[in-house]
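*Asks:* Enclosed is the structure file final_30.tsv (TSV, C-alpha atoms and all ligand atoms).
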chain	number	residue	atom	x	y	z
A	1	MET	CA	190.13	109.54	57.09
A	2	ILE	CA	187.80	112.54	57.32
A	3	VAL	CA	186.37	113.97	54.11
A	4	ASP	CA	184.36	117.13	54.60
A	5	LEU	CA	182.05	117.60	51.61
A	6	ARG	CA	179.55	119.83	53.41
A	7	SER	CA	180.66	123.10	51.84
A	8	ASP	CA	183.54	124.88	50.14
A	9	THR	CA	183.54	127.24	53.11
A	10	VAL	CA	185.18	124.66	55.41
A	11	THR	CA	188.70	125.09	54.00
A	12	LYS	CA	191.59	126.09	56.27
A	13	PRO	CA	194.32	128.51	55.17
A	14	THR	CA	197.28	126.77	53.54
A	15	PRO	CA	200.79	127.35	54.94
A	16	GLY	CA	201.54	129.78	52.10
A	17	MET	CA	198.35	131.68	52.80
A	18	MET	CA	199.14	131.81	56.53
A	19	GLU	CA	202.55	133.25	55.73
A	20	ALA	CA	201.01	135.93	53.52
A	21	MET	CA	198.58	136.80	56.31
A	22	MET	CA	201.27	137.01	58.98
A	23	SER	CA	203.40	139.40	56.97
A	24	ALA	CA	200.55	141.68	55.79
A	25	LYS	CA	200.96	145.43	56.14
A	26	VAL	CA	197.85	146.73	57.86
A	27	GLY	CA	196.18	149.96	58.92
A	28	ASP	CA	192.73	151.22	59.89
A	29	ASP	CA	190.53	150.45	56.91
A	30	VAL	CA	187.67	152.65	58.13
A	31	PHE	CA	190.16	155.49	57.51
A	32	GLY	CA	191.07	153.83	54.18
A	33	GLU	CA	194.57	153.24	55.52
A	34	ASP	CA	194.96	149.47	55.22
A	35	GLU	CA	197.21	149.09	52.22
A	36	THR	CA	196.62	145.36	51.91
A	37	ILE	CA	192.86	145.87	51.73
A	38	ASN	CA	193.34	148.67	49.21
A	39	GLU	CA	195.51	146.35	47.14
A	40	LEU	CA	192.92	143.55	47.27
A	41	GLU	CA	190.10	145.89	46.28
A	42	GLU	CA	192.07	147.26	43.32
A	43	LYS	CA	193.21	143.81	42.25
A	44	ALA	CA	189.72	142.29	42.34
A	45	ALA	CA	188.21	145.28	40.52
A	46	LYS	CA	190.82	144.96	37.79
A	47	ILE	CA	190.23	141.22	37.37
A	48	PHE	CA	186.54	141.86	36.65
A	49	GLY	CA	186.90	145.10	34.70
A	50	LYS	CA	185.23	147.33	37.29
A	51	GLU	CA	186.50	150.66	38.60
A	52	ALA	CA	186.57	149.96	42.31
A	53	GLY	CA	185.87	147.46	45.06
A	54	ILE	CA	185.09	147.14	48.74
A	55	PHE	CA	186.18	144.32	51.06
A	56	CYS	CA	183.43	142.97	53.33
A	57	PRO	CA	183.16	140.21	55.94
A	58	SER	CA	180.75	138.04	53.95
A	59	GLY	CA	179.09	137.39	50.63
A	60	THR	CA	175.76	138.07	52.25
A	61	MET	CA	176.97	141.57	53.05
A	62	THR	CA	178.33	142.23	49.55
A	63	ASN	CA	175.05	141.06	48.02
A	64	GLN	CA	172.93	143.08	50.43
A	65	ILE	CA	175.05	146.17	49.87
A	66	GLY	CA	174.75	145.67	46.12
A	67	ILE	CA	170.97	145.37	46.33
A	68	LYS	CA	170.75	148.49	48.49
A	69	CYS	CA	173.01	150.45	46.12
A	70	PHE	CA	170.83	149.63	43.14
A	71	THR	CA	167.32	150.02	44.57
A	72	GLN	CA	165.07	152.41	46.49
A	73	PRO	CA	162.46	151.38	49.06
A	74	LEU	CA	159.23	150.20	47.32
A	75	ASP	CA	161.20	148.87	44.35
A	76	GLU	CA	161.18	145.26	43.20
A	77	LEU	CA	164.03	143.05	42.07
A	78	ILE	CA	163.85	140.03	39.78
A	79	ALA	CA	165.71	136.83	40.64
A	80	ASP	CA	165.41	133.10	40.22
A	81	GLN	CA	163.50	131.32	42.98
A	82	THR	CA	166.57	129.32	43.98
A	83	SER	CA	168.72	132.40	44.45
A	84	HIS	CA	170.88	132.83	47.52
A	85	VAL	CA	169.87	136.49	47.90
A	86	TYR	CA	166.24	135.41	48.26
A	87	ARG	CA	166.52	132.11	50.14
A	88	TYR	CA	169.62	132.26	52.28
A	89	GLU	CA	170.13	135.84	53.32
A	90	GLY	CA	167.55	135.85	56.06
A	91	GLY	CA	165.00	138.00	54.27
A	92	GLY	CA	167.57	140.78	53.98
A	93	ILE	CA	166.16	142.07	50.68
A	94	ALA	CA	162.99	143.16	52.48
A	95	PHE	CA	164.68	144.15	55.72
A	96	ASN	CA	167.71	146.05	54.46
A	97	SER	CA	166.32	147.56	51.28
A	98	SER	CA	162.50	147.49	51.72
A	99	VAL	CA	162.36	145.86	48.31
A	100	SER	CA	160.04	143.09	47.11
A	101	THR	CA	161.19	140.14	45.04
A	102	ARG	CA	159.69	138.79	41.81
A	103	LEU	CA	160.69	135.16	41.45
A	104	LEU	CA	161.36	133.37	38.20
A	105	TYR	CA	161.54	129.61	37.69
A	106	GLY	CA	164.69	129.04	35.68
A	107	GLU	CA	166.31	125.82	34.54
A	108	ARG	CA	168.58	124.85	37.46
A	109	GLY	CA	168.50	128.50	38.44
A	110	ILE	CA	169.44	129.83	35.01
A	111	ILE	CA	167.06	132.54	33.77
A	112	THR	CA	166.80	134.26	30.39
A	113	ALA	CA	165.96	137.71	29.05
A	114	GLY	CA	162.77	136.21	27.64
A	115	MET	CA	161.70	135.16	31.14
A	116	ILE	CA	162.64	138.50	32.71
A	117	GLU	CA	161.00	140.88	30.26
A	118	PRO	CA	157.32	140.06	30.97
A	119	GLU	CA	157.99	140.38	34.72
A	120	ILE	CA	159.19	143.98	34.52
A	121	ASN	CA	156.40	146.08	35.94
A	122	ALA	CA	154.85	148.88	33.93
A	123	ILE	CA	155.01	152.31	35.53
A	124	ASN	CA	151.77	152.38	37.50
A	125	ASP	CA	150.98	153.36	41.08
A	126	HIS	CA	149.73	149.83	41.81
A	127	TYR	CA	153.08	148.25	41.12
A	128	PRO	CA	156.42	148.24	42.82
A	129	ARG	CA	159.03	149.76	40.52
A	130	THR	CA	161.24	147.08	38.97
A	131	SER	CA	164.78	148.36	39.29
A	132	LEU	CA	167.17	145.41	39.57
A	133	VAL	CA	167.90	141.93	38.22
A	134	VAL	CA	170.13	139.60	40.25
A	135	LEU	CA	171.90	136.65	38.63
A	136	GLU	CA	173.88	133.97	40.47
A	137	ASN	CA	176.88	132.33	38.78
A	138	THR	CA	177.42	129.52	39.47
A	139	VAL	CA	173.98	128.66	40.87
A	140	ASN	CA	174.35	127.04	44.28
A	141	LYS	CA	170.96	125.36	44.37
A	142	GLY	CA	171.23	124.46	40.69
A	143	GLY	CA	174.15	122.20	41.60
A	144	GLY	CA	176.83	124.53	40.27
A	145	SER	CA	175.09	125.20	36.96
A	146	CYS	CA	176.49	128.21	35.17
A	147	TYR	CA	175.83	130.99	32.70
A	148	THR	CA	178.14	131.75	29.80
A	149	LEU	CA	178.68	135.43	28.98
A	150	GLU	CA	176.80	134.76	25.78
A	151	GLN	CA	173.74	133.90	27.88
A	152	ILE	CA	174.29	136.95	30.09
A	153	LYS	CA	174.66	139.43	27.24
A	154	PRO	CA	170.96	139.55	26.21
A	155	ILE	CA	169.98	139.94	29.88
A	156	ALA	CA	172.40	142.86	30.26
A	157	GLU	CA	171.05	144.43	27.07
A	158	LEU	CA	167.47	144.09	28.28
A	159	CYS	CA	168.38	145.66	31.62
A	160	LYS	CA	170.07	148.57	29.90
A	161	ALA	CA	167.13	149.13	27.56
A	162	LYS	CA	164.67	149.07	30.47
A	163	GLY	CA	166.78	151.13	32.87
A	164	LEU	CA	167.35	148.25	35.29
A	165	LYS	CA	170.58	147.55	37.16
A	166	LEU	CA	172.18	144.12	36.98
A	167	HIS	CA	173.90	142.56	39.99
A	168	LEU	CA	175.92	139.36	40.02
A	169	ASP	CA	176.06	137.09	43.04
A	170	GLY	CA	179.42	135.67	42.05
A	171	ALA	CA	180.09	133.67	45.18
A	172	ARG	CA	181.51	130.99	42.86
A	173	ILE	CA	182.23	133.13	39.80
A	174	PHE	CA	185.71	131.65	39.37
A	175	ASN	CA	184.17	128.19	39.14
A	176	ALA	CA	181.95	129.54	36.36
A	177	VAL	CA	184.76	131.10	34.33
A	178	THR	CA	186.88	127.98	34.85
A	179	LYS	CA	184.06	125.95	33.32
A	180	THR	CA	183.01	128.29	30.51
A	181	GLY	CA	186.38	129.70	29.54
A	182	ASP	CA	184.91	133.22	29.59
A	183	LYS	CA	187.19	136.06	30.65
A	184	ALA	CA	186.54	137.45	34.12
A	185	ALA	CA	187.53	140.90	32.80
A	186	ASP	CA	184.53	140.86	30.44
A	187	TYR	CA	182.08	140.56	33.33
A	188	GLY	CA	182.51	144.23	34.19
A	189	LYS	CA	180.90	145.25	30.90
A	190	TYR	CA	177.65	143.49	31.68
A	191	PHE	CA	177.13	143.86	35.42
A	192	ASP	CA	176.69	147.07	37.40
A	193	GLY	CA	177.74	145.29	40.57
A	194	ILE	CA	179.61	142.05	41.23
A	195	SER	CA	179.94	140.17	44.52
A	196	VAL	CA	182.85	137.73	44.71
A	197	CYS	CA	183.49	135.34	47.62
A	198	LEU	CA	187.08	134.71	48.64
A	199	SER	CA	186.11	132.19	51.31
A	200	LYS	CA	184.45	129.57	49.10
A	201	GLY	CA	186.49	127.61	46.57
A	202	LEU	CA	189.30	130.15	46.73
A	203	GLY	CA	190.06	129.04	50.26
A	204	ALA	CA	190.46	132.32	52.15
A	205	PRO	CA	189.19	132.12	55.75
A	206	VAL	CA	186.97	135.22	55.55
A	207	GLY	CA	185.83	137.80	53.08
A	208	SER	CA	184.08	138.90	49.94
A	209	VAL	CA	184.45	141.88	47.67
A	210	PHE	CA	181.79	144.03	46.03
A	211	LEU	CA	182.87	145.59	42.74
A	212	ALA	CA	181.25	148.47	40.87
A	213	ASP	CA	181.94	152.00	39.59
A	214	LYS	CA	183.66	154.49	41.92
A	215	GLU	CA	180.50	156.40	42.81
A	216	THR	CA	178.63	153.21	43.78
A	217	ILE	CA	181.56	151.99	45.87
A	218	LYS	CA	181.66	155.32	47.69
A	219	TYR	CA	178.05	154.76	48.75
A	220	ALA	CA	178.80	151.08	49.46
A	221	ARG	CA	181.44	152.17	52.00
A	222	ARG	CA	178.78	154.15	53.84
A	223	LEU	CA	176.40	151.17	53.71
A	224	ARG	CA	179.08	148.80	54.98
A	225	LYS	CA	179.53	151.06	58.03
A	226	VAL	CA	175.76	151.15	58.59
A	227	PHE	CA	175.58	147.33	58.32
A	228	GLY	CA	178.33	147.07	60.94
A	229	GLY	CA	180.91	145.73	58.52
A	230	GLY	CA	183.55	148.47	58.76
A	231	MET	CA	186.63	146.55	59.88
A	232	ARG	CA	189.91	147.96	61.13
A	233	GLN	CA	193.24	146.11	60.57
A	234	ALA	CA	191.54	143.52	58.41
A	235	GLY	CA	194.46	143.51	55.99
A	236	PHE	CA	195.46	140.21	57.62
A	237	LEU	CA	192.29	138.80	56.04
A	238	ALA	CA	192.70	140.69	52.78
A	239	ALA	CA	196.20	139.20	52.45
A	240	ALA	CA	194.57	135.76	52.40
A	241	GLY	CA	192.26	137.02	49.66
A	242	ILE	CA	195.15	138.30	47.55
A	243	TYR	CA	196.97	135.01	48.03
A	244	ALA	CA	193.83	133.13	46.99
A	245	LEU	CA	193.46	135.19	43.82
A	246	ASP	CA	197.11	134.56	42.96
A	247	HIS	CA	197.26	130.85	43.78
A	248	HIS	CA	193.86	129.19	44.03
A	249	ILE	CA	192.02	130.01	40.81
A	250	GLU	CA	193.80	127.68	38.42
A	251	ARG	CA	193.39	124.69	40.70
A	252	LEU	CA	189.56	124.94	40.61
A	253	SER	CA	189.57	122.61	37.60
A	254	ILE	CA	190.80	119.88	39.99
A	255	ASP	CA	187.65	120.32	42.09
A	256	HIS	CA	185.55	120.09	38.94
A	257	ALA	CA	187.28	116.87	37.90
A	258	HIS	CA	186.73	115.45	41.40
A	259	ALA	CA	183.06	116.40	41.25
A	260	GLN	CA	182.72	114.53	37.96
A	261	ILE	CA	184.36	111.42	39.47
A	262	LEU	CA	181.88	111.47	42.36
A	263	ALA	CA	178.91	112.07	40.04
A	264	ASP	CA	179.96	109.09	37.90
A	265	ALA	CA	180.32	106.90	40.99
A	266	LEU	CA	176.93	108.01	42.33
A	267	ALA	CA	175.25	107.20	39.02
A	268	LYS	CA	176.22	103.55	39.57
A	269	CYS	CA	174.72	103.32	43.06
A	270	PRO	CA	171.37	101.51	43.30
A	271	TRP	CA	170.43	103.65	46.32
A	272	VAL	CA	170.75	106.86	44.26
A	273	SER	CA	167.68	107.76	42.18
A	274	ASN	CA	169.05	110.83	40.37
A	275	VAL	CA	172.33	112.70	39.96
A	276	LEU	CA	172.38	116.26	38.61
A	277	PRO	CA	175.11	117.08	36.08
A	278	ALA	CA	178.32	117.99	37.92
A	279	ASP	CA	179.03	121.13	35.92
A	280	THR	CA	181.48	122.61	38.42
A	281	ASN	CA	182.37	121.75	42.04
A	282	LEU	CA	178.93	120.79	43.40
A	283	VAL	CA	177.24	117.41	43.11
A	284	LEU	CA	173.55	117.18	43.95
A	285	PHE	CA	171.88	113.80	44.07
A	286	ASP	CA	168.66	112.21	45.27
A	287	THR	CA	168.49	109.12	47.42
A	288	VAL	CA	165.97	106.31	47.62
A	289	GLU	CA	166.31	106.04	51.40
A	290	PRO	CA	165.81	109.03	53.67
A	291	THR	CA	168.87	111.29	53.54
A	292	SER	CA	169.41	110.94	57.29
A	293	THR	CA	170.07	107.20	56.80
A	294	VAL	CA	172.54	107.83	53.99
A	295	LEU	CA	174.30	110.65	55.84
A	296	GLN	CA	174.66	108.39	58.87
A	297	LYS	CA	176.27	105.65	56.78
A	298	LEU	CA	178.62	108.15	55.16
A	299	ALA	CA	179.54	109.54	58.57
A	300	GLU	CA	180.54	106.06	59.71
A	301	HIS	CA	183.20	106.23	56.96
A	302	GLY	CA	184.33	109.72	57.94
A	303	ILE	CA	182.45	111.44	55.12
A	304	LYS	CA	180.53	114.58	56.00
A	305	ALA	CA	177.83	115.93	53.70
A	306	LEU	CA	174.62	117.94	53.96
A	307	SER	CA	171.03	117.29	53.03
A	308	THR	CA	169.67	120.20	50.98
A	309	GLY	CA	166.13	118.99	50.45
A	310	PRO	CA	163.84	116.01	50.85
A	311	ASN	CA	165.88	113.05	49.58
A	312	ARG	CA	168.61	115.38	48.27
A	313	ILE	CA	172.25	115.38	49.34
A	314	ARG	CA	175.00	117.79	48.30
A	315	PHE	CA	178.70	117.05	47.91
A	316	VAL	CA	180.98	120.07	47.58
A	317	LEU	CA	184.54	119.77	46.33
A	318	HIS	CA	187.19	122.23	47.46
A	319	LEU	CA	190.91	122.62	48.03
A	320	ASP	CA	190.96	120.54	51.21
A	321	VAL	CA	189.61	117.48	49.39
A	322	HIS	CA	192.49	115.64	47.74
A	323	ALA	CA	192.58	112.79	45.22
A	324	ASP	CA	193.04	110.08	47.88
A	325	GLN	CA	190.00	111.37	49.73
A	326	VAL	CA	187.93	111.32	46.54
A	327	GLU	CA	189.03	107.73	46.06
A	328	HIS	CA	187.93	106.91	49.61
A	329	VAL	CA	184.49	108.40	48.90
A	330	VAL	CA	184.13	106.45	45.64
A	331	LYS	CA	184.97	103.20	47.45
A	332	THR	CA	182.58	103.99	50.27
A	333	LEU	CA	179.71	104.79	47.90
A	334	SER	CA	179.91	101.30	46.44
A	335	VAL	CA	179.71	99.52	49.81
A	336	ILE	CA	177.10	101.44	51.80
B	1	LIG	C1	177.98	131.29	50.14
B	1	LIG	C2	177.19	132.10	49.20
B	1	LIG	C3	177.02	133.49	49.39
B	1	LIG	C4	177.59	134.26	50.54
B	1	LIG	O1	177.63	133.62	51.72
B	1	LIG	P1	178.36	134.12	53.04
B	1	LIG	O2	178.35	132.90	53.86
B	1	LIG	O3	177.57	135.24	53.57
B	1	LIG	O4	179.75	134.57	52.66
B	1	LIG	C5	176.29	134.18	48.45
B	1	LIG	N1	175.77	133.55	47.38
B	1	LIG	C6	175.94	132.25	47.15
B	1	LIG	C7	175.37	131.64	45.92
B	1	LIG	C8	176.65	131.48	48.06
B	1	LIG	O5	176.79	130.17	47.82
Please rewrite the model in this file as structure tokens.
Ligand SMILES: *Cc1c(COP(=O)(O)O)cnc(C)c1O

*Replies:*
Amino acid sequence: MIVDLRSDTVTKPTPGMMEAMMSAKVGDDVFGEDETINELEEKAAKIFGKEAGIFCPSGTMTNQIGIKCFTQPLDELIADQTSHVYRYEGGGIAFNSSVSTRLLYGERGIITAGMIEPEINAINDHYPRTSLVVLENTVNKGGGSCYTLEQIKPIAELCKAKGLKLHLDGARIFNAVTKTGDKAADYGKYFDGISVCLSKGLGAPVGSVFLADKETIKYARRLRKVFGGGMRQAGFLAAAGIYALDHHIERLSIDHAHAQILADALAKCPWVSNVLPADTNLVLFDTVEPTSTVLQKLAEHGIKALSTGPNRIRFVLHLDVHADQVEHVVKTLSVI
């Protein structure tokens, strides 16, 4: 048995999703003529209470487009030090937007208005102009930790009062709302821009959407072309996204339950020194032995995982990990 816990990006389209893709009506999206993409963009915008959306090849692109929409060169954005936009997008903030980054040290990646406020630069020629705050929900490097809307509200209010834009890296936003019970539709009130991945826990093979007001999305379409992300008959991919939104949101609670089962099993292992709370679909834990030794032993039992730091391993649950596979992992953990 193979159990791939490396990432929630490793999922393959389900038969139902494949069928939806094969029967998609497509057109040239650079001309705005792909009706399936148009449908996906409208549907996603509606779910989050934003006016409009744009379908892009990756979450990196939707984040980078968002950052570029909301900043000018020589500006500064504020984000947690663990954030994907800062750590895992290849330095794109500086390269694409000529913007510097002020890092905060949140609790498992969760930052507060009280932490942000003192880091907003005064208007002074010495300082870059602070123009944007980026939140991530759930936080990847925090082990799937998440914000409630109640925690987000004071941040949004601060941003409004100070004239800053607020962008959400919502690669796993549906995991967050599954956990918190918040309504996705309320997110639109607080965030100027929202990036949502369809190819993580939702199980689509490719794609993310960026959601904002109509004017911002108009500019985002121009930026997507400049970034080389203008696709043609990509409705085949958008159809997978629509299918994912219709069929793969409710089941995320299964991944969360599986994550909890693995976290509980890990807590009993003498070779594990620390397990972070499994708030959603990610389980981060620290090992006594070097991670390479542990990963090797897991691999011998068909279990694939990644090391994400010195002595730290990450398990990611997703729709291609079923109950019997979770059971196999639990058994394996007790014998290695
Ligand atoms: C995966 C991920 C992204 C986007 O990644 P792509 O591989 O470019 O689609 C953005 N933010 C977070 C937190 C992620 O985990």

*Asks:* Could you state the separation of atom CA of A:Gly201 and atom CA of A:Pro290 in Å, given to one decimal place?

*Replies:*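 Here the two named atoms are 28.7 Å from each other.
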
*Asks:* Within 8 Å of stretch 298-300 of chain A, counting only C-alpha atoms, which residues show up once you throw out same-chain ones fewer than 4 positions away? Write them as a VMD selection string, please.

*Replies:* chain A and resid 294 304 to 305 332 336

*Asks:* List every residue of stretch 168-281 of chain A that has an atom at most 10 Å from any atom of stretch 38-56 of chain A, and for each one report the closest atom pair and its distance in Å to one decimal, counting all atoms listed in the file, with rows sorted by chain and then by increasing residue number, as a Markdown table.

*Replies:*
| residue | atom | partner | partner_atom | distance |
| --- | --- | --- | --- | --- |
| A:Lys183 | CA | A:Phe48 | CA | 8.4 |
| A:Ala184 | CA | A:Phe48 | CA | 5.1 |
| A:Ala185 | CA | A:Phe48 | CA | 4.1 |
| A:Asp186 | CA | A:Gly49 | CA | 6.5 |
| A:Tyr187 | CA | A:Phe48 | CA | 5.7 |
| A:Gly188 | CA | A:Gly49 | CA | 4.5 |
| A:Lys189 | CA | A:Gly49 | CA | 7.1 |
| A:Tyr190 | CA | A:Gly49 | CA | 9.9 |
| A:Phe191 | CA | A:Lys50 | CA | 9.0 |
| A:Asp192 | CA | A:Lys50 | CA | 8.5 |
| A:Gly193 | CA | A:Lys50 | CA | 8.4 |
| A:Ile194 | CA | A:Phe48 | CA | 8.3 |
| A:Ser195 | CA | A:Gly53 | CA | 9.4 |
| A:Val196 | CA | A:Ala44 | CA | 8.6 |
| A:Cys197 | CA | A:Cys56 | CA | 9.5 |
| A:Leu198 | CA | A:Phe55 | CA | 10.0 |
| A:Val206 | CA | A:Cys56 | CA | 8.8 |
| A:Gly207 | CA | A:Cys56 | CA | 5.7 |
| A:Ser208 | CA | A:Cys56 | CA | 5.3 |
| A:Val209 | CA | A:Phe55 | CA | 4.5 |
| A:Phe210 | CA | A:Ile54 | CA | 5.3 |
| A:Leu211 | CA | A:Gly53 | CA | 4.2 |
| A:Ala212 | CA | A:Lys50 | CA | 5.5 |
| A:Asp213 | CA | A:Glu51 | CA | 4.9 |
| A:Lys214 | CA | A:Ala52 | CA | 5.4 |
| A:Glu215 | CA | A:Ala52 | CA | 8.9 |
| A:Thr216 | CA | A:Ala52 | CA | 8.7 |
| A:Ile217 | CA | A:Gly53 | CA | 6.3 |
| A:Lys218 | CA | A:Ile54 | CA | 8.9 |
| A:Ala220 | CA | A:Ile54 | CA | 7.5 |
| A:Arg221 | CA | A:Ile54 | CA | 7.0 |
| A:Arg224 | CA | A:Cys56 | CA | 7.5 |
| A:Gly229 | CA | A:Cys56 | CA | 6.4 |
| A:Gly230 | CA | A:Cys56 | CA | 7.7 |
| A:Met231 | CA | A:Cys56 | CA | 8.1 |
| A:Ala234 | CA | A:Phe55 | CA | 9.1 |
| A:Gly235 | CA | A:Asn38 | CA | 8.6 |
| A:Leu237 | CA | A:Phe55 | CA | 9.6 |
| A:Ala238 | CA | A:Leu40 | CA | 6.2 |
| A:Ala239 | CA | A:Leu40 | CA | 7.5 |
| A:Ala240 | CA | A:Leu40 | CA | 9.5 |
| A:Gly241 | CA | A:Leu40 | CA | 7.0 |
| A:Ile242 | CA | A:Leu40 | CA | 5.7 |
| A:Tyr243 | CA | A:Leu40 | CA | 9.5 |
| A:Leu245 | CA | A:Ala44 | CA | 8.2 |

*Asks:* Residues within 8 Å of ligand LIG 1 (chain B), counting only C-alpha atoms and all ligand atoms: report them as a ChimeraX atom specification.

*Replies:* /A:9,57-61,63,83-85,88-89,136-141,169-172,197,199-200,206-208

*Asks:* Tell me which protein, DNA and RNA residues are within 9 Å of A:Ser7, counting only C-alpha atoms, leaving out same-chain ones fewer than 6 positions away, and put them as a PyMOL selection string.

*Replies:* chain A and resi 200+282+305-306+314-318
